[in-house]
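Visitor: Below you'll find my_file_27.pdb; it's PDB, C-alpha atoms, pLDDT in the B column.
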```pdb
ATOM      1  CA  MET A   1     113.496  35.590-189.140  1.00 97.00           C
ATOM      2  CA  TYR A   2     115.750  34.389-186.361  1.00 98.00           C
ATOM      3  CA  GLY A   3     118.679  36.208-184.744  1.00 98.00           C
ATOM      4  CA  PHE A   4     121.525  34.631-182.823  1.00 98.00           C
ATOM      5  CA  PHE A   5     123.915  37.071-181.121  1.00 97.00           C
ATOM      6  CA  GLY A   6     126.860  35.413-179.452  1.00 97.00           C
ATOM      7  CA  THR A   7     130.213  36.099-177.895  1.00 98.00           C
ATOM      8  CA  MET A   8     133.119  33.798-177.229  1.00 98.00           C
ATOM      9  CA  LYS A   9     136.592  34.294-175.812  1.00 98.00           C
ATOM     10  CA  ALA A  10     139.765  33.028-177.423  1.00 98.00           C
ATOM     11  CA  LYS A  11     142.777  32.096-175.369  1.00 98.00           C
ATOM     12  CA  SER A  12     145.371  34.851-175.386  1.00 95.00           C
ATOM     13  CA  GLY A  13     147.190  35.087-178.697  1.00 97.00           C
ATOM     14  CA  GLN A  14     144.762  32.809-180.522  1.00 98.00           C
ATOM     15  CA  ARG A  15     141.943  35.170-181.444  1.00 98.00           C
ATOM     16  CA  ASP A  16     143.166  35.848-184.978  1.00 98.00           C
ATOM     17  CA  GLU A  17     143.256  32.130-185.696  1.00 98.00           C
ATOM     18  CA  VAL A  18     139.728  31.616-184.353  1.00 98.00           C
ATOM     19  CA  VAL A  19     138.463  34.554-186.419  1.00 98.00           C
ATOM     20  CA  LYS A  20     140.027  33.013-189.519  1.00 97.00           C
ATOM     21  CA  ILE A  21     138.156  29.770-188.852  1.00 96.00           C
ATOM     22  CA  LEU A  22     134.881  31.617-188.231  1.00 95.00           C
ATOM     23  CA  LEU A  23     135.214  33.500-191.508  1.00 95.00           C
ATOM     24  CA  SER A  24     136.385  30.552-193.582  1.00 92.00           C
ATOM     25  CA  GLY A  25     132.898  29.114-193.925  1.00 82.00           C
ATOM     26  CA  ALA A  26     130.963  32.366-194.233  1.00 85.00           C
ATOM     27  CA  GLY A  27     130.596  32.130-198.007  1.00 81.00           C
ATOM     28  CA  GLY A  28     128.590  28.931-197.781  1.00 86.00           C
ATOM     29  CA  LEU A  29     126.140  30.135-195.169  1.00 92.00           C
ATOM     30  CA  ARG A  30     123.810  31.946-197.537  1.00 92.00           C
ATOM     31  CA  ALA A  31     122.887  28.666-199.214  1.00 93.00           C
ATOM     32  CA  ALA A  32     122.089  27.296-195.761  1.00 94.00           C
ATOM     33  CA  GLY A  33     119.612  30.103-195.049  1.00 96.00           C
ATOM     34  CA  ALA A  34     121.747  32.847-193.476  1.00 96.00           C
ATOM     35  CA  HIS A  35     121.030  36.495-194.310  1.00 96.00           C
ATOM     36  CA  ILE A  36     123.681  38.048-192.077  1.00 97.00           C
ATOM     37  CA  TYR A  37     126.755  36.598-190.381  1.00 96.00           C
ATOM     38  CA  VAL A  38     128.998  39.255-188.877  1.00 97.00           C
ATOM     39  CA  VAL A  39     132.235  38.555-187.044  1.00 98.00           C
ATOM     40  CA  GLY A  40     133.757  41.282-184.884  1.00 98.00           C
ATOM     41  CA  VAL A  41     136.417  41.633-182.222  1.00 98.00           C
ATOM     42  CA  ALA A  42     136.512  43.760-179.082  1.00 98.00           C
ATOM     43  CA  ASP A  43     138.986  46.638-178.991  1.00 96.00           C
ATOM     44  CA  THR A  44     139.120  46.590-175.190  1.00 96.00           C
ATOM     45  CA  ASP A  45     140.714  43.140-174.843  1.00 97.00           C
ATOM     46  CA  ASP A  46     142.480  40.604-177.073  1.00 97.00           C
ATOM     47  CA  GLN A  47     140.093  37.713-176.401  1.00 98.00           C
ATOM     48  CA  THR A  48     136.466  38.620-177.121  1.00 98.00           C
ATOM     49  CA  ILE A  49     134.841  37.711-180.435  1.00 98.00           C
ATOM     50  CA  PHE A  50     131.302  38.693-181.441  1.00 98.00           C
ATOM     51  CA  VAL A  51     129.273  36.632-183.904  1.00 97.00           C
ATOM     52  CA  ASN A  52     125.919  38.103-184.898  1.00 97.00           C
ATOM     53  CA  GLU A  53     123.737  36.070-187.197  1.00 97.00           C
ATOM     54  CA  VAL A  54     120.360  36.488-188.897  1.00 98.00           C
ATOM     55  CA  TRP A  55     118.787  33.366-190.386  1.00 97.00           C
ATOM     56  CA  GLU A  56     115.614  32.655-192.292  1.00 97.00           C
ATOM     57  CA  SER A  57     114.490  30.587-189.273  1.00 98.00           C
ATOM     58  CA  LYS A  58     115.818  28.972-186.111  1.00 98.00           C
ATOM     59  CA  GLU A  59     115.520  25.637-187.912  1.00 98.00           C
ATOM     60  CA  HIS A  60     117.908  26.844-190.627  1.00 97.00           C
ATOM     61  CA  HIS A  61     120.414  27.918-187.976  1.00 97.00           C
ATOM     62  CA  ASP A  62     120.152  24.669-186.043  1.00 96.00           C
ATOM     63  CA  ALA A  63     120.526  22.631-189.241  1.00 96.00           C
ATOM     64  CA  SER A  64     123.674  24.578-190.151  1.00 94.00           C
ATOM     65  CA  LEU A  65     125.299  23.449-186.905  1.00 92.00           C
ATOM     66  CA  ARG A  66     124.920  19.849-188.036  1.00 93.00           C
ATOM     67  CA  LEU A  67     126.725  20.348-191.365  1.00 91.00           C
ATOM     68  CA  PRO A  68     130.013  18.439-191.568  1.00 91.00           C
ATOM     69  CA  GLU A  69     131.977  21.613-192.397  1.00 89.00           C
ATOM     70  CA  THR A  70     130.471  23.436-189.417  1.00 90.00           C
ATOM     71  CA  ARG A  71     131.225  20.571-187.079  1.00 92.00           C
ATOM     72  CA  ALA A  72     134.809  20.412-188.351  1.00 92.00           C
ATOM     73  CA  ALA A  73     135.258  24.172-187.862  1.00 91.00           C
ATOM     74  CA  ILE A  74     133.888  24.001-184.314  1.00 92.00           C
ATOM     75  CA  ALA A  75     136.159  21.073-183.481  1.00 94.00           C
ATOM     76  CA  THR A  76     139.193  22.985-184.766  1.00 96.00           C
ATOM     77  CA  ALA A  77     138.342  26.211-182.953  1.00 96.00           C
ATOM     78  CA  MET A  78     137.198  24.765-179.624  1.00 97.00           C
ATOM     79  CA  PRO A  79     140.679  24.107-178.132  1.00 98.00           C
ATOM     80  CA  MET A  80     141.564  27.758-178.818  1.00 98.00           C
ATOM     81  CA  LEU A  81     138.583  29.053-176.790  1.00 98.00           C
ATOM     82  CA  THR A  82     138.392  29.680-173.052  1.00 98.00           C
ATOM     83  CA  GLY A  83     134.915  28.153-172.729  1.00 97.00           C
ATOM     84  CA  GLU A  84     133.227  31.457-171.865  1.00 97.00           C
ATOM     85  CA  PHE A  85     130.260  31.978-174.156  1.00 97.00           C
ATOM     86  CA  SER A  86     127.205  34.202-174.140  1.00 97.00           C
ATOM     87  CA  SER A  87     124.272  34.204-176.498  1.00 96.00           C
ATOM     88  CA  SER A  88     120.903  35.773-177.090  1.00 97.00           C
ATOM     89  CA  GLU A  89     118.146  34.707-179.438  1.00 98.00           C
ATOM     90  CA  ALA A  90     115.733  37.123-181.075  1.00 98.00           C
ATOM     91  CA  THR A  91     112.917  37.380-183.522  1.00 98.00           C
ATOM     92  CA  ILE A  92     114.128  39.777-186.197  1.00 98.00           C
ATOM     93  CA  VAL A  93     111.543  42.391-187.060  1.00 97.00           C
ATOM     94  CA  GLY A  94     113.361  44.339-189.769  1.00 96.00           C
ATOM     95  CA  GLY A  95     116.053  46.805-190.612  1.00 95.00           C
ATOM     96  CA  LEU A  96     118.760  47.353-193.151  1.00 94.00           C
ATOM     97  CA  GLY A  97     120.480  44.293-194.645  1.00 90.00           C
ATOM     98  CA  VAL A  98     117.666  41.848-193.931  1.00 90.00           C
ATOM     99  CA  PRO A  99     114.925  40.876-196.427  1.00 87.00           C
ATOM    100  CA  GLU A 100     111.636  42.793-196.258  1.00 79.00           C
TER
ATOM    101  CA  MET B   1     134.260  48.748-190.048  1.00 97.00           C
ATOM    102  CA  TYR B   2     132.565  49.460-186.737  1.00 98.00           C
ATOM    103  CA  GLY B   3     129.963  47.375-184.922  1.00 98.00           C
ATOM    104  CA  PHE B   4     127.524  48.593-182.287  1.00 98.00           C
ATOM    105  CA  PHE B   5     125.452  45.902-180.571  1.00 97.00           C
ATOM    106  CA  GLY B   6     122.891  47.218-178.150  1.00 97.00           C
ATOM    107  CA  THR B   7     119.865  46.266-176.138  1.00 98.00           C
ATOM    108  CA  MET B   8     117.152  48.387-174.597  1.00 98.00           C
ATOM    109  CA  LYS B   9     113.992  47.631-172.675  1.00 98.00           C
ATOM    110  CA  ALA B  10     110.595  49.083-173.458  1.00 98.00           C
ATOM    111  CA  LYS B  11     108.025  49.657-170.783  1.00 98.00           C
ATOM    112  CA  SER B  12     105.410  46.910-170.753  1.00 95.00           C
ATOM    113  CA  GLY B  13     103.033  47.159-173.672  1.00 97.00           C
ATOM    114  CA  GLN B  14     105.124  49.736-175.524  1.00 98.00           C
ATOM    115  CA  ARG B  15     107.696  47.577-177.308  1.00 98.00           C
ATOM    116  CA  ASP B  16     105.841  47.438-180.623  1.00 98.00           C
ATOM    117  CA  GLU B  17     105.686  51.214-180.735  1.00 98.00           C
ATOM    118  CA  VAL B  18     109.405  51.562-179.982  1.00 98.00           C
ATOM    119  CA  VAL B  19     110.225  48.994-182.672  1.00 98.00           C
ATOM    120  CA  LYS B  20     108.163  50.977-185.165  1.00 97.00           C
ATOM    121  CA  ILE B  21     110.156  54.102-184.355  1.00 96.00           C
ATOM    122  CA  LEU B  22     113.463  52.229-184.633  1.00 95.00           C
ATOM    123  CA  LEU B  23     112.516  50.867-188.041  1.00 95.00           C
ATOM    124  CA  SER B  24     111.025  54.078-189.395  1.00 92.00           C
ATOM    125  CA  GLY B  25     114.404  55.607-190.129  1.00 82.00           C
ATOM    126  CA  ALA B  26     116.212  52.464-191.269  1.00 85.00           C
ATOM    127  CA  GLY B  27     115.884  53.282-194.970  1.00 81.00           C
ATOM    128  CA  GLY B  28     117.934  56.440-194.637  1.00 86.00           C
ATOM    129  CA  LEU B  29     120.809  54.884-192.736  1.00 92.00           C
ATOM    130  CA  ARG B  30     122.644  53.503-195.742  1.00 92.00           C
ATOM    131  CA  ALA B  31     123.276  57.016-197.030  1.00 93.00           C
ATOM    132  CA  ALA B  32     124.725  57.835-193.599  1.00 94.00           C
ATOM    133  CA  GLY B  33     127.246  54.980-193.808  1.00 96.00           C
ATOM    134  CA  ALA B  34     125.403  52.006-192.317  1.00 96.00           C
ATOM    135  CA  HIS B  35     125.892  48.547-193.817  1.00 96.00           C
ATOM    136  CA  ILE B  36     123.674  46.625-191.406  1.00 97.00           C
ATOM    137  CA  TYR B  37     120.988  47.757-188.972  1.00 96.00           C
ATOM    138  CA  VAL B  38     119.029  44.865-187.508  1.00 97.00           C
ATOM    139  CA  VAL B  39     116.187  45.227-185.024  1.00 98.00           C
ATOM    140  CA  GLY B  40     115.034  42.173-183.075  1.00 98.00           C
ATOM    141  CA  VAL B  41     112.897  41.374-180.057  1.00 98.00           C
ATOM    142  CA  ALA B  42     113.353  38.781-177.322  1.00 98.00           C
ATOM    143  CA  ASP B  43     110.881  35.899-177.233  1.00 96.00           C
ATOM    144  CA  THR B  44     111.445  35.356-173.513  1.00 96.00           C
ATOM    145  CA  ASP B  45     109.997  38.690-172.348  1.00 97.00           C
ATOM    146  CA  ASP B  46     107.885  41.507-173.809  1.00 97.00           C
ATOM    147  CA  GLN B  47     110.393  44.296-173.138  1.00 98.00           C
ATOM    148  CA  THR B  48     113.813  43.558-174.634  1.00 98.00           C
ATOM    149  CA  ILE B  49     114.835  44.994-178.002  1.00 98.00           C
ATOM    150  CA  PHE B  50     118.120  44.227-179.772  1.00 98.00           C
ATOM    151  CA  VAL B  51     119.695  46.660-182.228  1.00 97.00           C
ATOM    152  CA  ASN B  52     122.784  45.423-184.038  1.00 97.00           C
ATOM    153  CA  GLU B  53     124.541  47.808-186.356  1.00 97.00           C
ATOM    154  CA  VAL B  54     127.540  47.719-188.685  1.00 98.00           C
ATOM    155  CA  TRP B  55     128.866  51.051-189.920  1.00 97.00           C
ATOM    156  CA  GLU B  56     131.648  52.097-192.237  1.00 97.00           C
ATOM    157  CA  SER B  57     133.335  53.693-189.210  1.00 98.00           C
ATOM    158  CA  LYS B  58     132.618  54.788-185.645  1.00 98.00           C
ATOM    159  CA  GLU B  59     132.648  58.350-186.928  1.00 98.00           C
ATOM    160  CA  HIS B  60     129.782  57.547-189.325  1.00 97.00           C
ATOM    161  CA  HIS B  61     127.776  56.033-186.462  1.00 97.00           C
ATOM    162  CA  ASP B  62     128.430  58.951-184.141  1.00 96.00           C
ATOM    163  CA  ALA B  63     127.505  61.452-186.852  1.00 96.00           C
ATOM    164  CA  SER B  64     124.217  59.625-187.465  1.00 94.00           C
ATOM    165  CA  LEU B  65     123.237  60.220-183.847  1.00 92.00           C
ATOM    166  CA  ARG B  66     123.464  63.948-184.455  1.00 93.00           C
ATOM    167  CA  LEU B  67     121.074  63.958-187.434  1.00 91.00           C
ATOM    168  CA  PRO B  68     117.815  65.838-186.718  1.00 91.00           C
ATOM    169  CA  GLU B  69     115.686  62.786-187.655  1.00 89.00           C
ATOM    170  CA  THR B  70     117.700  60.541-185.327  1.00 90.00           C
ATOM    171  CA  ARG B  71     117.417  63.019-182.469  1.00 92.00           C
ATOM    172  CA  ALA B  72     113.669  63.312-183.029  1.00 92.00           C
ATOM    173  CA  ALA B  73     113.258  59.513-183.046  1.00 92.00           C
ATOM    174  CA  ILE B  74     115.266  59.161-179.832  1.00 92.00           C
ATOM    175  CA  ALA B  75     113.224  61.902-178.160  1.00 94.00           C
ATOM    176  CA  THR B  76     109.977  60.161-179.139  1.00 96.00           C
ATOM    177  CA  ALA B  77     111.098  56.695-178.032  1.00 96.00           C
ATOM    178  CA  MET B  78     112.840  57.631-174.783  1.00 97.00           C
ATOM    179  CA  PRO B  79     109.699  58.007-172.593  1.00 98.00           C
ATOM    180  CA  MET B  80     108.668  54.478-173.671  1.00 98.00           C
ATOM    181  CA  LEU B  81     111.941  52.945-172.443  1.00 98.00           C
ATOM    182  CA  THR B  82     112.805  51.752-168.948  1.00 98.00           C
ATOM    183  CA  GLY B  83     116.294  53.240-169.033  1.00 97.00           C
ATOM    184  CA  GLU B  84     118.061  49.874-169.005  1.00 97.00           C
ATOM    185  CA  PHE B  85     120.557  49.751-171.858  1.00 97.00           C
ATOM    186  CA  SER B  86     123.535  47.594-172.736  1.00 97.00           C
ATOM    187  CA  SER B  87     125.977  48.005-175.568  1.00 96.00           C
ATOM    188  CA  SER B  88     129.167  46.587-177.011  1.00 97.00           C
ATOM    189  CA  GLU B  89     131.454  48.035-179.623  1.00 98.00           C
ATOM    190  CA  ALA B  90     133.501  45.937-182.027  1.00 98.00           C
ATOM    191  CA  THR B  91     135.827  46.115-184.959  1.00 98.00           C
ATOM    192  CA  ILE B  92     134.104  44.155-187.707  1.00 98.00           C
ATOM    193  CA  VAL B  93     136.450  41.735-189.424  1.00 97.00           C
ATOM    194  CA  GLY B  94     134.150  40.217-192.029  1.00 96.00           C
ATOM    195  CA  GLY B  95     131.323  37.845-192.730  1.00 95.00           C
ATOM    196  CA  LEU B  96     128.178  37.663-194.799  1.00 94.00           C
ATOM    197  CA  GLY B  97     126.265  40.893-195.438  1.00 90.00           C
ATOM    198  CA  VAL B  98     129.199  43.232-194.895  1.00 90.00           C
ATOM    199  CA  PRO B  99     131.443  44.641-197.669  1.00 87.00           C
ATOM    200  CA  GLU B 100     134.661  42.745-198.421  1.00 79.00           C
TER
END
```
Represent the structure of the file as structure tokens.

Guide:
Amino acid sequence: MYGFFGTMKAKSGQRDEVVKILLSGAGGLRAAGAHIYVVGVADTDDQTIFVNEVWESKEHHDASLRLPETRAAIATAMPMLTGEFSSSEATIVGGLGVPE
Amino acid sequence: MYGFFGTMKAKSGQRDEVVKILLSGAGGLRAAGAHIYVVGVADTDDQTIFVNEVWESKEHHDASLRLPETRAAIATAMPMLTGEFSSSEATIVGGLGVPE
């Protein structure tokens, strides 16, 4: 399994709107091969958003980025972001909430 | 809900053993208030371990660190770690794999 752990920063006052966009498509991700898709916000500022994802494979994740609904969501959210991103990739070895 | 996203580094050659320790207690975490506990490893080095957790509350997470089995696992793993840690805390706002 493949893990993608990312952060992004929303422009001041726009984080709630970005979070809404990020969550709007979450229901459809399971069919695309996602096991976990968690959206969180920092308490220490009003800009940082965390998105932590576990997918069946990196190929499933990459394919999801090409879906029309994903591309539309990214296009809508992008102007509300500062452009500061971070990400890490991992091989998921187990835990609670992921398949055996 | 509360998110804790951490990394640690194992000394060379000892990552598999640390991962085993981290996963050994995963089954009991749900009873302690964990919704997600994901362990992953970096593909770009042989040291980095990611642990991403979602808990019912920060208080549940903090209490879990005081459990005898958690303290024993930490004591066993610590000599195998380099001492380099990172962590972020978040308020979880939703997604796939977390309760509504």

Visitor: If you apply the ChimeraX specification (/B :<7) & /A to this file, what residues do you get, as a list in words?

Guide: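 Applying the expression gives Leu23, Ala26, Gly27, His35, Ile36, Tyr37, Val38, Val39, Gly40, Val41, Ala42, Asp43, Glu89, Ala90, Thr91, Ile92, Val93, Gly94, Gly95, Leu96 and Gly97 of chain A.
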
Visitor: Separation of atom CA of Ser12 of chain A and atom CA of Thr82 of chain A, in Å?

Guide: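 According to the coordinates, atom CA of Ser12 of chain A and atom CA of Thr82 of chain A are separated by 9.0 Å.
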
Visitor: Have a look at A:Glu59, A:Glu100, A:Thr7, A:Arg15 and name the one nearest to Ala77 of chain A; count only C-alpha atoms.

Guide: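 Looking at the shortest contact to Ala77 of chain A, the residue is A:Arg15.
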
Visitor: Taking only C-alpha atoms into account, which of A:Gly33, A:Ala73, A:His60, A:Gly83 comes nearest Lys11 of chain A?

Guide: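 Among the listed residues, A:Gly83 lies closest to Lys11 of chain A.
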
Visitor: Just give me the gap between atom CA of Gly6 of chain A and atom CA of Ile74 of chain A in Å, one decimal is fine.

Guide: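 That distance, rounded to one decimal, is 14.3 Å.
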
Visitor: Would you compute the distance between atom CA of Lys58 of chain A and atom CA of Ala31 of chain A? Give it in Å to one decimal.

Guide: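 Atom CA of Lys58 of chain A sits 14.9 Å away from atom CA of Ala31 of chain A.
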
Visitor: Which protein, DNA or RNA residues are at most 8 Å from (105.5, 55.9, -175.4) in the file's coordinates when you count only C-alpha atoms, listed as a list in words?

Guide: Gln14, Glu17, Val18, Thr76, Ala77, Met78, Pro79, Met80 and Leu81 of chain B

Visitor: Pick the closest to Thr70 of chain B from B:Gln47, B:Ile21, B:Ser86, B:Trp55: which is it, counting all atoms listed in the file?

Guide: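 Among B:Gln47, B:Ile21, B:Ser86, B:Trp55, it is B:Ile21 that comes nearest to Thr70 of chain B.
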